[in-house]
Amino acid sequence: MIDVNFNFFTEVKEGQDPDAKSPTLKRYHKILWSKSLPNGKIFNLNDDDPELSKNYLYHKSELGYFVFGSDAITNSYRSHKRKKHITEQIPDEVNEMFLQGSNIASYSIFPKNKINNGQTINMARGVVRLIDDRFDLTLECIKRFYKNLQVLFIALYSNIRTSLICLNPTIIM
């Protein structure tokens, strides 16, 4: 059973990231993302082998070996120094956004496999200033990659392309 209102910050120490430290978040990800695929294969996420999971979740089968990490897809910018001049003006709204982003509806998993020692999709969305950790722009880049459309944010796209090849080796560089 998944409690959609459970606040993952309630079970980690102050300053810790639920993505890495919340056992409930990890369990929910395993429940939500382990499933039968359209091709009939079973995609199970595991965390029973620390070496394979890199301390989070992994899948290993004839489909391949994939490592996944968790991250919130919402952002209150509560801790962003570059945005302090804005967030300090609306502290109640920032805190409300932070609280709203503390349950399962705000979290997803991302592939952590690196190709040619490049960034993962999640790393790129967090460090490319044009994207600024915005999930909507990240999804747009992924969509455009699969539709072979011109990508608006080339820096993120090139990092995402490398990570997507990890998920689908048939993609040609």
# chains A, B, ... in the order shown; residues from 1 in each chain; ligands from 1
$ select_by_dssp --residues "segment 3-173 of chain A" --states "alpha helix (DSSP H)" --output "number ranges by chain"
A: 18-21, 23-33, 50-53, 84-87, 91-100, 121-127, 135-146, 154-167
$ atom_distance --atom1 "atom CA of Arg78 of chain A" --atom2 "atom CA of Asn113 of chain A"
28.7 Å
$ select_by_dssp --residues "segment 7-172 of chain A" --states "strand (DSSP E)" --output "list in words"
Lys35, Ser36, Ile42, Phe43, Leu57, Tyr58, His59, Lys60, Ser61, Gly64, Tyr65, Phe66, Val67, Phe68, Gly69, Ser70, Asp71, Ala72, Tyr107, Ser108, Ile109, Phe110 and Pro111 of chain A
$ write_last_selection --atoms "C-alpha atoms" --output "CSV table (one decimal), in the first residue's frame"
chain,number,residue,atom,x,y,z
A,35,LYS,CA,6.2,-4.4,-13.7
A,36,SER,CA,5.6,-6.4,-16.8
A,42,ILE,CA,9.4,-8.7,-16.2
A,43,PHE,CA,11.2,-5.5,-15.1
A,57,LEU,CA,17.9,0.4,-7.1
A,58,TYR,CA,19.0,-1.7,-10.0
A,59,HIS,CA,17.6,-4.1,-12.6
A,60,LYS,CA,19.7,-7.0,-14.0
A,61,SER,CA,18.3,-9.5,-16.5
A,64,GLY,CA,20.5,-5.5,-19.4
A,65,TYR,CA,21.9,-4.0,-16.2
A,66,PHE,CA,20.4,-0.6,-15.2
A,67,VAL,CA,21.1,1.4,-12.1
A,68,PHE,CA,18.4,4.0,-11.0
A,69,GLY,CA,18.4,6.9,-8.6
A,70,SER,CA,15.6,8.9,-7.2
A,71,ASP,CA,15.0,12.6,-7.4
A,72,ALA,CA,12.2,15.1,-6.8
A,107,TYR,CA,9.5,11.8,-7.1
A,108,SER,CA,10.6,9.8,-10.0
A,109,ILE,CA,13.6,7.5,-10.8
A,110,PHE,CA,16.3,8.3,-13.3
A,111,PRO,CA,18.9,6.0,-14.9
$ atom_distance --atom1 "atom CA of Asn7 of chain A" --atom2 "atom CA of Asp132 of chain A"
24.3 Å
$ atom_distance --atom1 "atom CA of Asn95 of chain A" --atom2 "atom CA of Val4 of chain A"
19.0 Å
